[in-house]
Each structure stands twice: as structure tokens, then as C-alpha cells.
>>> print(open('start32.pdb').read())   # PDB, C-alpha atoms
MODEL        1
ATOM      1  CA  MET A   1      70.263  56.725  82.373
ATOM      2  CA  ALA A   2      73.826  55.507  82.318
ATOM      3  CA  LEU A   3      75.372  54.462  85.616
ATOM      4  CA  ALA A   4      78.011  57.211  85.542
ATOM      5  CA  ALA A   5      75.380  59.860  84.847
ATOM      6  CA  ALA A   6      73.176  58.512  87.616
ATOM      7  CA  ARG A   7      76.069  58.675  90.037
ATOM      8  CA  ARG A   8      76.813  62.281  89.126
ATOM      9  CA  LEU A   9      73.163  63.194  89.514
ATOM     10  CA  LEU A  10      72.904  61.633  92.956
ATOM     11  CA  LEU A  11      76.267  62.828  94.178
ATOM     12  CA  HIS A  12      75.307  66.428  93.343
ATOM     13  CA  ALA A  13      71.745  66.191  94.595
ATOM     14  CA  GLY A  14      72.750  68.049  97.730
ATOM     15  CA  SER A  15      70.910  67.790 100.976
ATOM     16  CA  ARG A  16      68.052  65.741  99.559
ATOM     17  CA  LEU A  17      70.055  62.601  98.732
ATOM     18  CA  GLY A  18      73.482  63.110 100.225
ATOM     19  CA  ARG A  19      72.749  64.778 103.546
ATOM     20  CA  ARG A  20      75.247  64.217 106.325
ATOM     21  CA  GLU A  21      74.792  64.733 110.036
ATOM     22  CA  ALA A  22      76.371  63.826 113.344
ATOM     23  CA  VAL A  23      74.399  61.605 115.705
ATOM     24  CA  ASP A  24      75.810  60.828 119.169
ATOM     25  CA  GLY A  25      79.360  61.195 117.894
ATOM     26  CA  ALA A  26      78.696  59.077 114.820
ATOM     27  CA  ARG A  27      78.382  60.333 111.263
ATOM     28  CA  ARG A  28      75.576  59.381 108.979
ATOM     29  CA  PHE A  29      74.555  60.004 105.420
ATOM     30  CA  ALA A  30      71.391  58.962 103.718
ATOM     31  CA  ASN A  31      69.975  58.472 100.285
ATOM     32  CA  LYS A  32      66.300  57.805  99.914
ATOM     33  CA  ARG A  33      66.705  54.020 100.022
ATOM     34  CA  VAL A  34      69.970  53.509 101.934
ATOM     35  CA  LEU A  35      70.977  54.817 105.356
ATOM     36  CA  VAL A  36      74.632  54.723 106.394
ATOM     37  CA  GLU A  37      75.863  55.326 109.919
ATOM     38  CA  THR A  38      79.617  55.430 110.526
ATOM     39  CA  GLU A  39      81.535  55.206 113.767
ATOM     40  CA  GLY A  40      84.884  56.852 113.135
ATOM     41  CA  PRO A  41      86.898  55.501 116.109
ATOM     42  CA  ALA A  42      85.639  51.955 115.520
ATOM     43  CA  GLY A  43      86.228  52.075 111.754
ATOM     44  CA  VAL A  44      82.817  50.475 111.153
ATOM     45  CA  ALA A  45      79.798  51.596 109.141
ATOM     46  CA  VAL A  46      76.279  50.184 109.213
ATOM     47  CA  MET A  47      74.399  50.178 105.911
ATOM     48  CA  LYS A  48      70.636  49.812 106.239
ATOM     49  CA  LEU A  49      68.423  49.086 103.263
ATOM     50  CA  ARG A  50      65.171  51.018 103.555
ATOM     51  CA  ASN A  51      63.203  50.566 100.366
ATOM     52  CA  PRO A  52      59.821  49.433 101.741
ATOM     53  CA  PRO A  53      57.880  47.329 101.719
ATOM     54  CA  VAL A  54      60.382  44.564 100.876
ATOM     55  CA  ASN A  55      63.701  46.266 100.051
ATOM     56  CA  SER A  56      63.428  45.286  96.405
ATOM     57  CA  LEU A  57      66.531  46.169  94.403
ATOM     58  CA  SER A  58      65.064  48.650  91.955
ATOM     59  CA  LEU A  59      67.315  50.548  89.578
ATOM     60  CA  GLU A  60      67.238  53.549  91.902
ATOM     61  CA  CYS A  61      68.027  51.393  94.944
ATOM     62  CA  LEU A  62      70.939  49.709  93.168
ATOM     63  CA  THR A  63      72.374  53.080  92.171
ATOM     64  CA  GLU A  64      72.071  54.547  95.652
ATOM     65  CA  PHE A  65      73.519  51.386  97.202
ATOM     66  CA  THR A  66      76.534  51.514  94.873
ATOM     67  CA  ILE A  67      77.122  55.209  95.555
ATOM     68  CA  SER A  68      76.928  54.655  99.321
ATOM     69  CA  LEU A  69      79.382  51.775  99.091
ATOM     70  CA  GLU A  70      81.717  53.870  96.952
ATOM     71  CA  LYS A  71      81.674  56.655  99.552
ATOM     72  CA  LEU A  72      82.646  54.183 102.265
ATOM     73  CA  GLU A  73      85.406  52.668 100.159
ATOM     74  CA  ASN A  74      86.857  56.138  99.648
ATOM     75  CA  ASP A  75      86.783  56.856 103.388
ATOM     76  CA  LYS A  76      90.086  55.507 104.678
ATOM     77  CA  SER A  77      88.793  55.521 108.263
ATOM     78  CA  ILE A  78      86.224  52.812 107.435
ATOM     79  CA  ARG A  79      87.505  49.242 107.561
ATOM     80  CA  GLY A  80      84.274  47.272 107.878
ATOM     81  CA  VAL A  81      80.588  47.434 106.982
ATOM     82  CA  ILE A  82      77.604  45.721 108.583
ATOM     83  CA  LEU A  83      74.853  45.263 105.997
ATOM     84  CA  THR A  84      71.316  45.005 107.311
ATOM     85  CA  SER A  85      67.722  46.126 106.806
ATOM     86  CA  GLU A  86      65.546  48.831 108.280
ATOM     87  CA  CYS A  87      62.355  47.082 107.085
ATOM     88  CA  PRO A  88      60.852  44.717 109.700
ATOM     89  CA  GLY A  89      60.924  41.046 108.768
ATOM     90  CA  ILE A  90      62.696  41.467 105.429
ATOM     91  CA  PHE A  91      66.393  41.684 104.621
ATOM     92  CA  SER A  92      65.771  42.073 100.895
ATOM     93  CA  ALA A  93      63.333  40.441  98.513
ATOM     94  CA  GLY A  94      65.981  40.790  95.820
ATOM     95  CA  LEU A  95      65.800  42.082  92.272
ATOM     96  CA  ASP A  96      62.781  44.195  91.435
ATOM     97  CA  LEU A  97      60.655  42.160  89.021
ATOM     98  CA  LEU A  98      58.991  45.326  87.775
ATOM     99  CA  GLU A  99      62.361  46.320  86.308
ATOM    100  CA  MET A 100      62.334  43.098  84.297
ATOM    101  CA  TYR A 101      58.718  43.045  83.131
ATOM    102  CA  GLY A 102      57.045  45.072  80.411
ATOM    103  CA  ARG A 103      60.077  47.257  79.669
ATOM    104  CA  ASN A 104      62.233  47.713  76.588
ATOM    105  CA  PRO A 105      65.582  45.977  75.934
ATOM    106  CA  ALA A 106      67.561  49.153  76.670
ATOM    107  CA  HIS A 107      66.042  49.289  80.152
ATOM    108  CA  TYR A 108      66.774  45.619  80.794
ATOM    109  CA  ALA A 109      70.393  46.154  79.738
ATOM    110  CA  GLU A 110      70.826  49.192  81.989
ATOM    111  CA  TYR A 111      69.244  47.421  84.919
ATOM    112  CA  TRP A 112      71.443  44.361  84.551
ATOM    113  CA  LYS A 113      74.569  46.514  84.226
ATOM    114  CA  ASN A 114      73.735  48.014  87.608
ATOM    115  CA  VAL A 115      73.159  44.582  89.161
ATOM    116  CA  GLN A 116      76.592  43.510  87.905
ATOM    117  CA  GLU A 117      78.203  46.685  89.210
ATOM    118  CA  LEU A 118      76.823  46.305  92.718
ATOM    119  CA  TRP A 119      77.813  42.644  92.891
ATOM    120  CA  LEU A 120      81.361  43.327  91.723
ATOM    121  CA  ARG A 121      81.795  46.134  94.244
ATOM    122  CA  LEU A 122      80.467  44.055  97.124
ATOM    123  CA  TYR A 123      82.205  40.825  96.224
ATOM    124  CA  THR A 124      85.625  42.410  95.657
ATOM    125  CA  SER A 125      85.472  45.075  98.361
ATOM    126  CA  ASN A 126      88.594  45.456 100.482
ATOM    127  CA  MET A 127      86.385  46.265 103.454
ATOM    128  CA  ILE A 128      85.177  43.590 105.858
ATOM    129  CA  LEU A 129      81.521  42.902 105.099
ATOM    130  CA  VAL A 130      79.265  41.274 107.698
ATOM    131  CA  SER A 131      75.588  40.748 106.948
ATOM    132  CA  ALA A 132      73.096  41.000 109.774
ATOM    133  CA  ILE A 133      70.209  39.131 108.163
ATOM    134  CA  ASN A 134      67.168  40.268 110.115
ATOM    135  CA  GLY A 135      64.480  38.986 107.792
ATOM    136  CA  ALA A 136      63.633  36.990 104.692
ATOM    137  CA  SER A 137      66.356  36.981 102.053
ATOM    138  CA  PRO A 138      65.364  35.334  98.754
ATOM    139  CA  ALA A 139      67.071  35.649  95.357
ATOM    140  CA  GLY A 140      68.973  38.932  95.082
ATOM    141  CA  GLY A 141      68.713  39.363  98.846
ATOM    142  CA  CYS A 142      70.588  36.096  99.238
ATOM    143  CA  LEU A 143      73.092  37.340  96.662
ATOM    144  CA  LEU A 144      73.857  40.421  98.789
ATOM    145  CA  ALA A 145      74.408  38.238 101.843
ATOM    146  CA  LEU A 146      76.629  35.789  99.953
ATOM    147  CA  CYS A 147      78.916  38.669  98.970
ATOM    148  CA  CYS A 148      79.713  39.261 102.624
ATOM    149  CA  ASP A 149      82.624  37.747 104.506
ATOM    150  CA  TYR A 150      80.394  36.523 107.326
ATOM    151  CA  ARG A 151      76.640  36.055 107.617
ATOM    152  CA  VAL A 152      74.668  36.258 110.860
ATOM    153  CA  MET A 153      70.985  35.353 110.543
ATOM    154  CA  ALA A 154      68.035  35.715 112.898
ATOM    155  CA  ASP A 155      66.885  32.300 114.106
ATOM    156  CA  ASN A 156      63.271  32.809 113.110
ATOM    157  CA  PRO A 157      61.610  29.961 111.165
ATOM    158  CA  LYS A 158      59.524  32.512 109.264
ATOM    159  CA  TYR A 159      62.654  33.790 107.541
ATOM    160  CA  THR A 160      64.180  31.951 104.603
ATOM    161  CA  ILE A 161      67.190  32.508 102.370
ATOM    162  CA  GLY A 162      68.270  31.133  99.002
ATOM    163  CA  LEU A 163      68.468  31.669  95.256
ATOM    164  CA  ASN A 164      64.942  30.814  94.147
ATOM    165  CA  GLU A 165      65.008  32.191  90.590
ATOM    166  CA  SER A 166      63.825  28.916  89.040
ATOM    167  CA  LEU A 167      60.494  29.234  90.869
ATOM    168  CA  LEU A 168      59.899  32.477  88.983
ATOM    169  CA  GLY A 169      60.605  30.845  85.633
ATOM    170  CA  ILE A 170      63.990  32.525  85.264
ATOM    171  CA  VAL A 171      67.542  31.229  85.528
ATOM    172  CA  ALA A 172      70.228  32.424  87.934
ATOM    173  CA  PRO A 173      73.194  33.714  85.870
ATOM    174  CA  PHE A 174      76.538  31.949  85.948
ATOM    175  CA  TRP A 175      78.094  34.346  88.441
ATOM    176  CA  PHE A 176      75.254  33.787  90.918
ATOM    177  CA  LYS A 177      75.920  30.085  90.437
ATOM    178  CA  ASP A 178      79.694  30.438  90.835
ATOM    179  CA  MET A 179      79.361  32.208  94.177
ATOM    180  CA  TYR A 180      76.791  29.682  95.390
ATOM    181  CA  VAL A 181      79.121  26.805  94.500
ATOM    182  CA  ASN A 182      81.992  28.571  96.273
ATOM    183  CA  THR A 183      79.834  28.891  99.380
ATOM    184  CA  ILE A 184      77.940  25.619  99.739
ATOM    185  CA  GLY A 185      79.607  23.230  97.288
ATOM    186  CA  HIS A 186      78.658  21.972  93.846
ATOM    187  CA  ARG A 187      76.074  19.328  94.735
ATOM    188  CA  GLU A 188      74.158  21.456  97.238
ATOM    189  CA  ALA A 189      74.216  24.422  94.835
ATOM    190  CA  GLU A 190      73.079  22.301  91.879
ATOM    191  CA  ARG A 191      70.122  20.927  93.780
ATOM    192  CA  ALA A 192      69.171  24.230  95.405
ATOM    193  CA  LEU A 193      69.333  26.175  92.135
ATOM    194  CA  GLN A 194      67.213  23.673  90.223
ATOM    195  CA  LEU A 195      64.575  23.484  92.955
ATOM    196  CA  GLY A 196      64.716  27.170  93.839
ATOM    197  CA  THR A 197      65.206  26.171  97.464
ATOM    198  CA  LEU A 198      64.568  28.730 100.175
ATOM    199  CA  PHE A 199      66.297  27.468 103.296
ATOM    200  CA  PRO A 200      64.864  28.098 106.769
ATOM    201  CA  PRO A 201      67.552  29.236 109.225
ATOM    202  CA  ALA A 202      68.556  25.813 110.589
ATOM    203  CA  GLU A 203      68.989  24.339 107.098
ATOM    204  CA  ALA A 204      70.760  27.467 105.859
ATOM    205  CA  LEU A 205      73.291  27.032 108.659
ATOM    206  CA  LYS A 206      73.668  23.317 107.970
ATOM    207  CA  VAL A 207      74.525  23.752 104.279
ATOM    208  CA  GLY A 208      76.639  26.863 104.843
ATOM    209  CA  VAL A 209      74.474  29.598 103.334
ATOM    210  CA  VAL A 210      74.850  31.422 106.656
ATOM    211  CA  ASP A 211      77.594  31.176 109.259
ATOM    212  CA  GLU A 212      75.711  31.682 112.498
ATOM    213  CA  LEU A 213      72.194  31.839 113.927
ATOM    214  CA  VAL A 214      71.225  33.989 116.885
ATOM    215  CA  PRO A 215      67.972  35.163 118.472
ATOM    216  CA  GLU A 216      66.413  37.949 116.447
ATOM    217  CA  ASP A 217      67.169  40.621 119.040
ATOM    218  CA  LYS A 218      70.851  39.625 119.069
ATOM    219  CA  VAL A 219      71.564  39.848 115.331
ATOM    220  CA  HIS A 220      73.138  43.291 115.403
ATOM    221  CA  SER A 221      75.168  42.764 118.579
ATOM    222  CA  LYS A 222      76.508  39.461 117.202
ATOM    223  CA  ALA A 223      77.401  41.148 113.903
ATOM    224  CA  ARG A 224      79.375  43.736 115.847
ATOM    225  CA  SER A 225      81.247  41.121 117.859
ATOM    226  CA  VAL A 226      82.059  39.219 114.667
ATOM    227  CA  MET A 227      83.274  42.442 113.079
ATOM    228  CA  ALA A 228      85.588  43.064 116.045
ATOM    229  CA  LYS A 229      87.208  39.667 115.504
ATOM    230  CA  TRP A 230      87.802  40.359 111.811
ATOM    231  CA  LEU A 231      89.128  43.861 112.538
ATOM    232  CA  ALA A 232      91.862  42.299 114.669
ATOM    233  CA  ILE A 233      93.458  40.878 111.497
ATOM    234  CA  PRO A 234      95.945  43.180 109.695
ATOM    235  CA  ASP A 235      94.177  44.713 106.711
ATOM    236  CA  HIS A 236      96.896  43.995 104.164
ATOM    237  CA  SER A 237      97.076  40.257 104.816
ATOM    238  CA  ARG A 238      93.303  39.848 105.030
ATOM    239  CA  GLN A 239      92.705  41.859 101.855
ATOM    240  CA  LEU A 240      95.320  39.961  99.861
ATOM    241  CA  THR A 241      93.877  36.655 101.033
ATOM    242  CA  LYS A 242      90.336  37.722 100.137
ATOM    243  CA  ASN A 243      91.481  38.825  96.699
ATOM    244  CA  MET A 244      93.285  35.519  96.182
ATOM    245  CA  MET A 245      90.129  33.581  97.042
ATOM    246  CA  ARG A 246      87.655  35.676  95.037
ATOM    247  CA  LYS A 247      89.558  37.081  92.068
ATOM    248  CA  ALA A 248      88.901  34.172  89.676
ATOM    249  CA  THR A 249      85.154  34.307  90.312
ATOM    250  CA  ALA A 250      84.998  38.077  89.833
ATOM    251  CA  ASP A 251      87.210  37.949  86.747
ATOM    252  CA  ASN A 252      84.879  35.384  85.211
ATOM    253  CA  LEU A 253      82.157  38.023  85.099
ATOM    254  CA  ILE A 254      84.451  40.942  84.236
ATOM    255  CA  LYS A 255      85.632  39.138  81.109
ATOM    256  CA  GLN A 256      82.057  38.447  80.034
ATOM    257  CA  ARG A 257      80.149  41.516  81.221
ATOM    258  CA  GLU A 258      78.832  42.640  77.847
ATOM    259  CA  ALA A 259      77.932  39.117  76.765
ATOM    260  CA  ASP A 260      76.168  38.572  80.089
ATOM    261  CA  ILE A 261      74.149  41.756  79.607
ATOM    262  CA  GLN A 262      73.190  40.693  76.092
ATOM    263  CA  ASN A 263      72.244  37.208  77.267
ATOM    264  CA  PHE A 264      70.111  38.589  80.088
ATOM    265  CA  THR A 265      68.385  41.092  77.820
ATOM    266  CA  SER A 266      67.637  38.447  75.208
ATOM    267  CA  PHE A 267      66.411  35.967  77.803
ATOM    268  CA  ILE A 268      64.206  38.326  79.790
ATOM    269  CA  SER A 269      62.661  39.734  76.594
ATOM    270  CA  LYS A 270      61.326  36.349  75.481
ATOM    271  CA  ASP A 271      57.561  36.083  75.400
ATOM    272  CA  SER A 272      57.621  32.908  77.488
ATOM    273  CA  ILE A 273      59.699  34.573  80.227
ATOM    274  CA  GLN A 274      57.566  37.702  80.229
ATOM    275  CA  LYS A 275      54.507  35.471  80.550
ATOM    276  CA  SER A 276      56.047  33.646  83.522
ATOM    277  CA  LEU A 277      56.867  36.951  85.214
ATOM    278  CA  HIS A 278      53.345  38.200  84.543
ATOM    279  CA  MET A 279      51.848  35.119  86.172
ATOM    280  CA  TYR A 280      54.133  35.434  89.187
ATOM    281  CA  LEU A 281      53.337  39.131  89.617
ATOM    282  CA  GLU A 282      49.625  38.367  89.402
ATOM    283  CA  LYS A 283      49.999  35.781  92.164
ATOM    284  CA  LEU A 284      51.714  38.392  94.316
ATOM    285  CA  LYS A 285      48.847  40.817  93.707
ATOM    286  CA  GLN A 286      46.328  38.151  94.754
ATOM    287  CA  LYS A 287      48.271  37.460  97.961
ATOM    288  CA  LYS A 288      48.303  41.157  98.811
ATOM    289  CA  GLY A 289      44.615  41.391  98.014
TER
ENDMDL
END
>>> encode(input="start32.pdb", output="C-alpha cells")
Amino acid sequence: MALAAARRLLLHAGSRLGRREAVDGARRFANKRVLVETEGPAGVAVMKLRNPPVNSLSLECLTEFTISLEKLENDKSIRGVILTSECPGIFSAGLDLLEMYGRNPAHYAEYWKNVQELWLRLYTSNMILVSAINGASPAGGCLLALCCDYRVMADNPKYTIGLNESLLGIVAPFWFKDMYVNTIGHREAERALQLGTLFPPAEALKVGVVDELVPEDKVHSKARSVMAKWLAIPDHSRQLTKNMMRKATADNLIKQREADIQNFTSFISKDSIQKSLHMYLEKLKQKKG
């Protein structure tokens, strides 16, 4: 299903996917996998991923996430978004491997197009984005956090964050790499990408993957206080500055979107890559068993 068609389907799904309600003066709307609560006077929305058990970014989750973000961008009363998780102990496990294993090339292409779309919307959003990382955040989960303007992480040694694609036998695309380099520098990114490093909180703070660590029960309150500081800056000057800093990185993907989709589809379809994914998925099954 094409992205535009999927959006139309979900936007017209009525009460099942787009229900809205007022809760204690706040507004909320929910898809199956994303819950959004907005506070009109504060100009802040909270987006909660709720795709249990690990908030994997399936095609459906990506589509609902993008639609929710689009709704917020079109709401002129919303200036900032706090991105977090409703699943205990996990921010997001990242891209859904089942979308990349045992499917046909057309599916791989559609899936990757949706990954690109979500990243571009997050990374170039005019809204202030603060991530409240309340659990593990590998691979695509780390990517979501890196898109944000500020990252607050729970100081729990059980939680890790990083782009660990190499451990799965796959390669992070150039735009993952570009954003990682922008965030933690070339040498740290080069080493972390090759090793598939998942940083515990203290190391993540040291290298700059996250901006602040707080006790787990303080993640959301800290994210709100950070948001208040950013909201004090005039929108026009902050937005222009953000665009100036990020435009070249975003444009690098925009200019190569189709080629990137073709490269991903060709790469993920290789027998050797499918075999690596199969082995990794089998290991996950054994752990669950």
C-alpha cells in the first residue's frame, strides 16, 4: 500500500484509529500504536509509542507515527512534542526485522520509503522535539531519539542506546551515519557503527548520544522542564537556526531517496543478508523460549 493511500485510509478510519477525547482539560487522539496527548495552553504534545512488546517500527507503526506527527504539525497551537514510550523498559527496539525478512522486493521498497518519510519529518520538524528515553533504545529507536533536539534518558544501567545494525549483519544507511556523525563526531561514530555499540547511559552521556541522565521516575518531569526552556526561545529564530544546521543532512537523503530505496531493496534481498537475519531472528526466538 502506498504511503499516501495508507494515510487516507487511516485518516478516514473514524473512531477506531482517529478518536479524539478531552481528558482533564487536555486533548488526546490515538491510533492503535501511537497515543498523543496535547495540552493546548502549554503548546506541548506528548507522543507515546505503544506497539508492544518492544515498540518495533512495523510498517503500520511507521504510518501511524507519521500521521500523528503530521496532525501535530498542522495544529498551530502545538509548538513542542515530547516523544516517549508507553511500554515498560523499552523506548523502541527499532525497525521491525519481520518487515525485512522473507518478503518480496516491493514490500522492502515500501517499508524503506516509510522509514525515510518518518525520519525526514522528525529531523526537519519545526516543532521542538524532546525525547524522554524511558527504556532500551537500539537501532531505529536510537534513530528516533537522535532526531530530537534534546534527549533525556533514564539512568538505568539495564537500558542501552546506539546504532547496532552491524551486529545484525546489516549496514546502517548513509543518512543514519550522517546524523550520528553530526551528533557524536566522526571518530566516535565510525567506531560505534563498525562495532554496533550499544552504550549504557553513562557512556551515552559521555559521547553525546544523550544530553542528560536522570532517575527513571524523573524522566518525564525533566523532559517537561527542558521543553519549557526551549519554548522560551522565539519560534522563528529557533526554527531558522535548526533548518540551517540540519538542511544539508536532510537534503543529502532527499536528493538520493529513490537510489537509497533501490540500494536497500537490493541489499536486504541478498541471500547472505536474509540468512543473517534468519539467524538473528532464531536467536531471539531461543531467548524468548
>>> closest_residue(input="start32.pdb", among="A:Leu167, A:Ile261, A:Val152, A:Cys147", to="Gln194 in chain A", atoms="only C-alpha atoms")
A:Leu167
>>> resolve_selection(input="start32.pdb", expression="the PyMOL selection byres ((chain A and resi 183) around 12)", output="MDAnalysis selection string")
chainID A and resid 142:143 145:151 162 176:182 184:189 204:211 245:246 249
>>> residues_around(input="start32.pdb", residues="Glu73 in chain A", least_positions_apart="5", cutoff="12 Å", atoms="only C-alpha atoms", output="PyMOL selection string")
chain A and resi 43-45+66-68+78-81+121-122+124-129
>>> atom_distance(input="start32.pdb", atom1="CA of His220 in chain A", atom2="CA of Ala93 in chain A")
19.7 Å
>>> atom_distance(input="start32.pdb", atom1="CA of Pro234 in chain A", atom2="CA of Leu83 in chain A")
21.5 Å
>>> resolve_selection(input="start32.pdb", expression="the PyMOL selection byres ((chain A and resi 92) around 7)", output="JSON, numbers by chain")
{"A": [54, 55, 56, 90, 91, 93, 94, 136, 137, 141]}
>>> write_last_selection(input="start32.pdb", atoms="C-alpha atoms", output="PDB file, in the frame of the given file")
ATOM      1  CA  VAL A  54      60.382  44.564 100.876  1.00  0.00           C
ATOM      2  CA  ASN A  55      63.701  46.266 100.051  1.00  0.00           C
ATOM      3  CA  SER A  56      63.428  45.286  96.405  1.00  0.00           C
ATOM      4  CA  ILE A  90      62.696  41.467 105.429  1.00  0.00           C
ATOM      5  CA  PHE A  91      66.393  41.684 104.621  1.00  0.00           C
ATOM      6  CA  ALA A  93      63.333  40.441  98.513  1.00  0.00           C
ATOM      7  CA  GLY A  94      65.981  40.790  95.820  1.00  0.00           C
ATOM      8  CA  ALA A 136      63.633  36.990 104.692  1.00  0.00           C
ATOM      9  CA  SER A 137      66.356  36.981 102.053  1.00  0.00           C
ATOM     10  CA  GLY A 141      68.713  39.363  98.846  1.00  0.00           C
TER      11      GLY A 141
END
>>> atom_distance(input="start32.pdb", atom1="CA of Lys48 in chain A", atom2="CA of Pro138 in chain A")
17.1 Å
>>> residues_around(input="start32.pdb", residues="Asn252 in chain A", least_positions_apart="4", cutoff="10 Å", atoms="all atoms listed in the file", output="MDAnalysis selection string")
chainID A and resid 174:175 178 247:248 256:257
>>> axis_aligned_box(input="start32.pdb", around="range 178-196 of chain A", padding_each_side="6 Å", output="lines of an AutoDock Vina configuration file")
center_x = 73.3
center_y = 25.8
center_z = 95.0
size_x = 29.4
size_y = 24.9
size_z = 21.5
>>> resolve_selection(input="start32.pdb", expression="the PyMOL selection byres ((chain A and resi 168) around 12)", output="MDAnalysis selection string")
chainID A and resid 95 97 100 138:139 163:167 169:172 193:197 268 272:284
>>> write_last_selection(input="start32.pdb", atoms="C-alpha atoms", output="PDB file, in the frame of the given file")
ATOM      1  CA  LEU A  95      65.800  42.082  92.272  1.00  0.00           C
ATOM      2  CA  LEU A  97      60.655  42.160  89.021  1.00  0.00           C
ATOM      3  CA  MET A 100      62.334  43.098  84.297  1.00  0.00           C
ATOM      4  CA  PRO A 138      65.364  35.334  98.754  1.00  0.00           C
ATOM      5  CA  ALA A 139      67.071  35.649  95.357  1.00  0.00           C
ATOM      6  CA  LEU A 163      68.468  31.669  95.256  1.00  0.00           C
ATOM      7  CA  ASN A 164      64.942  30.814  94.147  1.00  0.00           C
ATOM      8  CA  GLU A 165      65.008  32.191  90.590  1.00  0.00           C
ATOM      9  CA  SER A 166      63.825  28.916  89.040  1.00  0.00           C
ATOM     10  CA  LEU A 167      60.494  29.234  90.869  1.00  0.00           C
ATOM     11  CA  GLY A 169      60.605  30.845  85.633  1.00  0.00           C
ATOM     12  CA  ILE A 170      63.990  32.525  85.264  1.00  0.00           C
ATOM     13  CA  VAL A 171      67.542  31.229  85.528  1.00  0.00           C
ATOM     14  CA  ALA A 172      70.228  32.424  87.934  1.00  0.00           C
ATOM     15  CA  LEU A 193      69.333  26.175  92.135  1.00  0.00           C
ATOM     16  CA  GLN A 194      67.213  23.673  90.223  1.00  0.00           C
ATOM     17  CA  LEU A 195      64.575  23.484  92.955  1.00  0.00           C
ATOM     18  CA  GLY A 196      64.716  27.170  93.839  1.00  0.00           C
ATOM     19  CA  THR A 197      65.206  26.171  97.464  1.00  0.00           C
ATOM     20  CA  ILE A 268      64.206  38.326  79.790  1.00  0.00           C
ATOM     21  CA  SER A 272      57.621  32.908  77.488  1.00  0.00           C
ATOM     22  CA  ILE A 273      59.699  34.573  80.227  1.00  0.00           C
ATOM     23  CA  GLN A 274      57.566  37.702  80.229  1.00  0.00           C
ATOM     24  CA  LYS A 275      54.507  35.471  80.550  1.00  0.00           C
ATOM     25  CA  SER A 276      56.047  33.646  83.522  1.00  0.00           C
ATOM     26  CA  LEU A 277      56.867  36.951  85.214  1.00  0.00           C
ATOM     27  CA  HIS A 278      53.345  38.200  84.543  1.00  0.00           C
ATOM     28  CA  MET A 279      51.848  35.119  86.172  1.00  0.00           C
ATOM     29  CA  TYR A 280      54.133  35.434  89.187  1.00  0.00           C
ATOM     30  CA  LEU A 281      53.337  39.131  89.617  1.00  0.00           C
ATOM     31  CA  GLU A 282      49.625  38.367  89.402  1.00  0.00           C
ATOM     32  CA  LYS A 283      49.999  35.781  92.164  1.00  0.00           C
ATOM     33  CA  LEU A 284      51.714  38.392  94.316  1.00  0.00           C
TER      34      LEU A 284
END
>>> residues_around(input="start32.pdb", residues="Glu212 in chain A", least_positions_apart="6", cutoff="12 Å", atoms="all atoms listed in the file", output="JSON, numbers by chain")
{"A": [130, 131, 132, 133, 150, 151, 152, 153, 154, 155, 201, 202, 203, 204, 205, 206, 218, 219, 222, 223, 226]}
>>> write_last_selection(input="start32.pdb", atoms="C-alpha atoms", output="compact mmCIF listing (two decimals), in the coordinates of the input")
# COMPACT_ATOMS: atom_id res chain seq x y z
CA VAL A 130 79.26 41.27 107.70
CA SER A 131 75.59 40.75 106.95
CA ALA A 132 73.10 41.00 109.77
CA ILE A 133 70.21 39.13 108.16
CA TYR A 150 80.39 36.52 107.33
CA ARG A 151 76.64 36.06 107.62
CA VAL A 152 74.67 36.26 110.86
CA MET A 153 70.98 35.35 110.54
CA ALA A 154 68.04 35.72 112.90
CA ASP A 155 66.89 32.30 114.11
CA PRO A 201 67.55 29.24 109.22
CA ALA A 202 68.56 25.81 110.59
CA GLU A 203 68.99 24.34 107.10
CA ALA A 204 70.76 27.47 105.86
CA LEU A 205 73.29 27.03 108.66
CA LYS A 206 73.67 23.32 107.97
CA LYS A 218 70.85 39.62 119.07
CA VAL A 219 71.56 39.85 115.33
CA LYS A 222 76.51 39.46 117.20
CA ALA A 223 77.40 41.15 113.90
CA VAL A 226 82.06 39.22 114.67
